[in-house]
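**Q** This is the structure I want to talk about, given as structure tokens.
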Amino acid sequence: MKHSFSLRVRNADEVFRKLDERAAKLIAETGAGLYQTAADATPVRSGRARANWRCSIGRAEYLSDENTDFDSGRGQAAFQSVSAGDVLYVTNSVPYIERLENGSSLQAPAGISGRALSVCRVNFESGEYLP
């Protein structure tokens, strides 16, 4: 004897819309968290490396400037329009970022990105970024 089961959801479009919104919010929060964690892990002498973390959706931004003022809201602002399926980028293009990443600073002897990604992954998996 075969059994079949059918589930009909009257408001399926609304359910999927809300799921997409929640996924987008989770992705945005995770991206902003990665930005903040990378900045927090960045050694500070002048503040330039910390201030030059960039956030973008869809393509990486390879920009740097002389700015030394860190923008703590940059990640949230950059990722507020993200959609499920978008690719997020958190980049830093100061000329000496590779040396810092390779542990040239006593403030971050293990580098920056590995620690930032690890913290971000733990936060994501624990549900810390859940809206």
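FYI, nothing fancy with the structure tokens labels: chains A, B, ... in order, residues from 1 per chain, ligands from 1 as they appear.
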If we count only C-alpha atoms, what is near Ser105 in chain A at a cut-off of 10 Å, once residues fewer than 3 positions away on the same chain are taken out, given as a PyMOL selection string?

**A** chain A and resi 42-45+99-102+108-111

**Q** Sorted by chain and rising residue number, which residues of range 17-67 of chain A lie within 12 Å of range 6-12 of chain A, and what are their closest atom pairs and distances in Å to one decimal, counting only C-alpha atoms, as CSV?

**A**
```
residue,atom,partner,partner_atom,distance
A:Arg17,CA,A:Ala12,CA,8.5
A:Lys18,CA,A:Ala12,CA,9.9
A:Leu19,CA,A:Ala12,CA,10.4
```

**Q** May I have all residues of range 27-104 of chain A that DSSP, computed from the backbone, assigns to alpha helix (DSSP H), given as a ChimeraX atom specification?

**A** /A:27-41,48-51,74-79,97-101

**Q** Please identify all polymer residues within 10 Å of Val87 in chain A, counting only C-alpha atoms, omitting same-chain residues fewer than 6 positions from it, and present them as a list in words.

**A** Ile27, Gly31, Ser56, Ile57, Gly58, Arg59 and Ala60 of chain A

**Q** Could the residues in this selection be saved with N, CA, C and O atoms as a tab-separated table (two decimals), in the first residue's frame?

**A**
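Here's the written file out.tsv:
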```tsv
chain	number	residue	atom	x	y	z
A	27	ILE	N	22.81	37.20	6.83
A	27	ILE	CA	24.00	37.41	6.00
A	27	ILE	C	24.59	38.79	6.26
A	27	ILE	O	25.80	38.95	6.42
A	31	GLY	N	28.29	39.50	7.83
A	31	GLY	CA	29.27	40.32	7.12
A	31	GLY	C	29.74	41.49	7.97
A	31	GLY	O	30.94	41.78	8.05
A	56	SER	N	31.91	45.33	0.64
A	56	SER	CA	31.18	45.47	-0.62
A	56	SER	C	30.40	44.19	-0.91
A	56	SER	O	30.66	43.14	-0.34
A	57	ILE	N	29.45	44.33	-1.82
A	57	ILE	CA	28.62	43.22	-2.25
A	57	ILE	C	28.86	42.99	-3.73
A	57	ILE	O	28.82	43.93	-4.52
A	58	GLY	N	29.16	41.74	-4.10
A	58	GLY	CA	29.27	41.39	-5.52
A	58	GLY	C	30.64	41.52	-6.13
A	58	GLY	O	30.95	40.80	-7.07
A	59	ARG	N	31.45	42.43	-5.64
A	59	ARG	CA	32.83	42.55	-6.14
A	59	ARG	C	33.67	43.22	-5.07
A	59	ARG	O	33.20	44.07	-4.32
A	60	ALA	N	34.92	42.82	-5.02
A	60	ALA	CA	35.83	43.35	-4.00
A	60	ALA	C	36.23	44.78	-4.33
A	60	ALA	O	36.36	45.14	-5.50
```

**Q** Taking the DSSP secondary structure from the backbone, can you list the residues of range 2-130 of chain A that are strand (DSSP E), as a ChimeraX atom specification?

**A** /A:53-57,88-92

**Q** With only C-alpha atoms as the basis for distance, which of A:Thr30, A:Thr91, A:Gln76, A:Ser126 is at the shortest distance from Ala51 in chain A?

**A**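 Closest candidate: A:Thr91.
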
**Q** List the neighbours of Ala24 in chain A out to 9 Å using only C-alpha atoms; skip same-chain residues closer than 2 positions along the sequence, and give me the result as a list in words.

**A**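 Contacts, with the query itself left out: Leu19, Asp20, Glu21, Arg22, Leu26, Ile27, Ala28, Glu29, Gln80, Ser81, Val82, Ser83, Ala84, Gly85 and Asp86 of chain A.
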
**Q** Which of these, A:Tyr62, A:Ala78, A:Phe124, A:Val119, has the shortest distance to Ile97 in chain A once you count only C-alpha atoms?

**A**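 Looking at the shortest contact to Ile97 in chain A, the residue is A:Tyr62.
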
**Q** Given only C-alpha atoms as the basis, pick out the residue of A:Tyr35, A:Phe79, A:Trp53, A:Phe70 nearest to Ser93 in chain A.

**A**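 Result for the nearest residue to Ser93 in chain A: A:Trp53.
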
**Q** Go through A:Asn67, A:Gln107, A:Asn123, A:Ser4 and flag the residue nearest Gly47 in chain A, using only C-alpha atoms for the distances.

**A**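 Of the candidates, the smallest distance to Gly47 in chain A is held by A:Asn67.
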
**Q** Hey, can you check how far CA of Ser46 in chain A sits from CA of Gly75 in chain A?

**A**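 CA of Gly75 in chain A lies 21.1 Å from CA of Ser46 in chain A.
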
**Q** Quick one, how far is CA of Leu34 in chain A from CA of Val90 in chain A?

**A**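 Here the two named atoms are 7.5 Å from each other.
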